[in-house]
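What follows is a set of notes on a single structure, which appears directly below.
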Amino acid sequence: MYYTYILENKQGGHYIRSSENLAQRIRKHNNNSVRSTKKKGPFRLVYKEGFTTRAEARKRENQIKSYKGNSKFRRLIGNLSVPIV
């Protein structure tokens, strides 16, 4: 299973990505092991979607990135948020 996910930090910044092992990837983000998010955490999971293929997850990731900053993005994370992992 592959996941497209959105993380949020305390400053309200968002990070959108996809991964096969979501729990491990979030741990890496919060342990400063991911270069693009290093020293920007801690992060909490605010949204996730599951897919059967990596290609589907990446396609959805790119679609969500195109929403970033507009009302579609705010609705997505506001209406479908998940508990903190």
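Identifiers in the structure tokens: chain A, B, ... in order shown; residue index from 1 per chain; ligand index from 1 in order shown.
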Selection near segment 47-63 of chain A, 6 Å with only C-alpha atoms, sequence-local residues under 3 positions removed, as an MDAnalysis selection string: chainID A and resid 1:6 17 66 81:82
Would you output that residue set with C-alpha atoms, as a short mmCIF file (atom, residue, chain, number, x, y, z; two decimals), in the first residue's frame?
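Ended up saving to out_26.cif:
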```
data_model
loop_
_atom_site.label_atom_id
_atom_site.label_comp_id
_atom_site.auth_asym_id
_atom_site.auth_seq_id
_atom_site.Cartn_x
_atom_site.Cartn_y
_atom_site.Cartn_z
CA MET A 1 0.00 0.00 0.00
CA TYR A 2 1.25 3.48 -0.89
CA TYR A 3 0.10 6.65 0.81
CA THR A 4 -0.14 10.29 -0.16
CA TYR A 5 0.04 12.37 2.99
CA ILE A 6 0.07 15.91 4.32
CA ARG A 17 4.50 13.69 -0.21
CA SER A 66 -1.49 22.04 -7.31
CA SER A 81 -7.96 15.47 8.85
CA VAL A 82 -6.87 12.38 10.74
#
```
Contact residues around His14 of chain A with only C-alpha atoms at 9 Å, ignoring same-chain residues under 4 positions, as an MDAnalysis selection string: chainID A and resid 6:9 43 68
Please dump the current selection as an mmCIF file, in the first residue's frame; keep C-alpha atoms.
```cif
data_model
loop_
_atom_site.group_PDB
_atom_site.id
_atom_site.type_symbol
_atom_site.label_atom_id
_atom_site.label_comp_id
_atom_site.auth_asym_id
_atom_site.auth_seq_id
_atom_site.Cartn_x
_atom_site.Cartn_y
_atom_site.Cartn_z
ATOM 1 C CA ILE A 6 0.073 15.915 4.319
ATOM 2 C CA LEU A 7 2.066 16.905 7.382
ATOM 3 C CA GLU A 8 1.680 20.155 9.291
ATOM 4 C CA ASN A 9 4.152 21.853 11.622
ATOM 5 C CA PHE A 43 5.097 17.474 12.282
ATOM 6 C CA LYS A 68 -1.760 24.255 -2.153
#
```
DSSP strand (DSSP E) selection over segment 19-66 of chain A, as a PyMOL selection string: chain A and resi 19+43-51
Using N, CA, C and O atoms, can you write the selected residues to a file as a short mmCIF file (atom, residue, chain, number, x, y, z; two decimals), in the first residue's frame?
```
data_model
loop_
_atom_site.label_atom_id
_atom_site.label_comp_id
_atom_site.auth_asym_id
_atom_site.auth_seq_id
_atom_site.Cartn_x
_atom_site.Cartn_y
_atom_site.Cartn_z
N SER A 19 4.54 7.88 0.22
CA SER A 19 5.47 6.90 0.76
C SER A 19 4.79 5.54 0.88
O SER A 19 3.56 5.46 1.02
N PHE A 43 6.22 17.56 13.21
CA PHE A 43 5.10 17.47 12.28
C PHE A 43 4.01 16.57 12.84
O PHE A 43 4.29 15.66 13.61
N ARG A 44 2.79 16.85 12.39
CA ARG A 44 1.68 15.95 12.69
C ARG A 44 0.99 15.63 11.38
O ARG A 44 0.93 16.46 10.47
N LEU A 45 0.48 14.43 11.29
CA LEU A 45 -0.24 13.99 10.11
C LEU A 45 -1.63 14.61 10.12
O LEU A 45 -2.37 14.46 11.09
N VAL A 46 -1.99 15.33 9.06
CA VAL A 46 -3.32 15.93 8.99
C VAL A 46 -4.18 15.32 7.90
O VAL A 46 -5.39 15.55 7.86
N TYR A 47 -3.56 14.53 7.00
CA TYR A 47 -4.33 13.93 5.91
C TYR A 47 -3.55 12.78 5.31
O TYR A 47 -2.32 12.85 5.20
N LYS A 48 -4.27 11.72 4.91
CA LYS A 48 -3.64 10.62 4.19
C LYS A 48 -4.66 9.94 3.30
O LYS A 48 -5.86 9.96 3.59
N GLU A 49 -4.17 9.37 2.20
CA GLU A 49 -4.97 8.57 1.28
C GLU A 49 -4.15 7.36 0.90
O GLU A 49 -2.95 7.48 0.68
N GLY A 50 -4.77 6.20 0.78
CA GLY A 50 -4.09 4.98 0.40
C GLY A 50 -4.32 4.62 -1.06
O GLY A 50 -5.41 4.84 -1.59
N PHE A 51 -3.28 4.05 -1.69
CA PHE A 51 -3.33 3.65 -3.10
C PHE A 51 -2.63 2.31 -3.27
O PHE A 51 -1.74 1.97 -2.49
#
```
Spatial neighbours of Ser36 of chain A, max dist 12 Å, only C-alpha atoms, sep filter under 6 positions, as a PyMOL selection string: chain A and resi 14-17+28-30
How would the residues just picked look written out with N, CA and C atoms as a PDB file, in the first residue's frame?
```pdb
ATOM      1  N   HIS A  14       2.927  23.258   5.573  1.00  0.00           N
ATOM      2  CA  HIS A  14       2.480  21.930   5.128  1.00  0.00           C
ATOM      3  C   HIS A  14       3.509  21.289   4.220  1.00  0.00           C
ATOM      4  N   TYR A  15       3.600  19.975   4.318  1.00  0.00           N
ATOM      5  CA  TYR A  15       4.498  19.178   3.498  1.00  0.00           C
ATOM      6  C   TYR A  15       3.676  18.056   2.894  1.00  0.00           C
ATOM      7  N   ILE A  16       3.703  17.937   1.578  1.00  0.00           N
ATOM      8  CA  ILE A  16       2.897  16.952   0.853  1.00  0.00           C
ATOM      9  C   ILE A  16       3.844  15.977   0.167  1.00  0.00           C
ATOM     10  N   ARG A  17       3.610  14.693   0.381  1.00  0.00           N
ATOM     11  CA  ARG A  17       4.498  13.691  -0.209  1.00  0.00           C
ATOM     12  C   ARG A  17       3.768  12.350  -0.256  1.00  0.00           C
ATOM     13  N   LYS A  28      10.911   9.652  10.458  1.00  0.00           N
ATOM     14  CA  LYS A  28      12.094  10.267   9.852  1.00  0.00           C
ATOM     15  C   LYS A  28      11.944  11.786   9.763  1.00  0.00           C
ATOM     16  N   HIS A  29      10.759  12.252   9.404  1.00  0.00           N
ATOM     17  CA  HIS A  29      10.529  13.699   9.363  1.00  0.00           C
ATOM     18  C   HIS A  29      10.745  14.310  10.740  1.00  0.00           C
ATOM     19  N   ASN A  30      10.203  13.678  11.759  1.00  0.00           N
ATOM     20  CA  ASN A  30      10.291  14.234  13.109  1.00  0.00           C
ATOM     21  C   ASN A  30      11.654  14.039  13.757  1.00  0.00           C
TER      22      ASN A  30
END
```
One-decimal distance in Å that lies between atom CA of Gly12 of chain A and atom CA of Tyr67 of chain A: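 So the two atoms, atom CA of Tyr67 of chain A and atom CA of Gly12 of chain A, lie 16.0 Å apart.
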Per-residue DSSP, chain A, filtered to alpha helix (DSSP H), as JSON, numbers by chain: {"A": [22, 23, 24, 25, 26, 27, 28, 29, 30, 54, 55, 56, 57, 58, 59, 60, 61, 62, 63, 64, 65, 66, 67, 71, 72, 73, 74, 75, 76, 77, 78, 79]}
Writing out the chosen residues with C-alpha atoms as an mmCIF file, in the first residue's frame:
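This is the output file result_29.cif:
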```cif
data_model
loop_
_atom_site.group_PDB
_atom_site.id
_atom_site.type_symbol
_atom_site.label_atom_id
_atom_site.label_comp_id
_atom_site.auth_asym_id
_atom_site.auth_seq_id
_atom_site.Cartn_x
_atom_site.Cartn_y
_atom_site.Cartn_z
ATOM 1 C CA LEU A 22 3.918 6.037 6.280
ATOM 2 C CA ALA A 23 4.698 5.518 9.973
ATOM 3 C CA GLN A 24 8.419 5.152 9.333
ATOM 4 C CA ARG A 25 8.458 8.187 7.057
ATOM 5 C CA ILE A 26 6.762 10.397 9.660
ATOM 6 C CA ARG A 27 9.317 9.269 12.258
ATOM 7 C CA LYS A 28 12.094 10.267 9.852
ATOM 8 C CA HIS A 29 10.529 13.699 9.363
ATOM 9 C CA ASN A 30 10.291 14.234 13.109
ATOM 10 C CA ARG A 54 3.215 4.142 -6.397
ATOM 11 C CA ALA A 55 2.121 5.821 -9.634
ATOM 12 C CA GLU A 56 -1.384 6.488 -8.276
ATOM 13 C CA ALA A 57 0.033 7.918 -5.044
ATOM 14 C CA ARG A 58 2.442 10.213 -6.933
ATOM 15 C CA LYS A 59 -0.336 11.377 -9.261
ATOM 16 C CA ARG A 60 -2.497 12.321 -6.275
ATOM 17 C CA GLU A 61 0.497 13.985 -4.574
ATOM 18 C CA ASN A 62 0.988 16.228 -7.602
ATOM 19 C CA GLN A 63 -2.719 16.996 -7.753
ATOM 20 C CA ILE A 64 -2.791 18.047 -4.089
ATOM 21 C CA LYS A 65 0.348 20.151 -4.572
ATOM 22 C CA SER A 66 -1.493 22.041 -7.312
ATOM 23 C CA TYR A 67 -4.214 22.881 -4.738
ATOM 24 C CA SER A 71 -9.641 26.856 -0.977
ATOM 25 C CA LYS A 72 -9.500 23.248 -2.304
ATOM 26 C CA PHE A 73 -6.412 22.609 -0.187
ATOM 27 C CA ARG A 74 -7.935 24.196 2.936
ATOM 28 C CA ARG A 75 -11.115 22.135 2.498
ATOM 29 C CA LEU A 76 -9.088 18.972 2.015
ATOM 30 C CA ILE A 77 -7.120 19.305 5.252
ATOM 31 C CA GLY A 78 -9.959 20.917 7.183
ATOM 32 C CA ASN A 79 -12.657 18.393 6.415
#
```
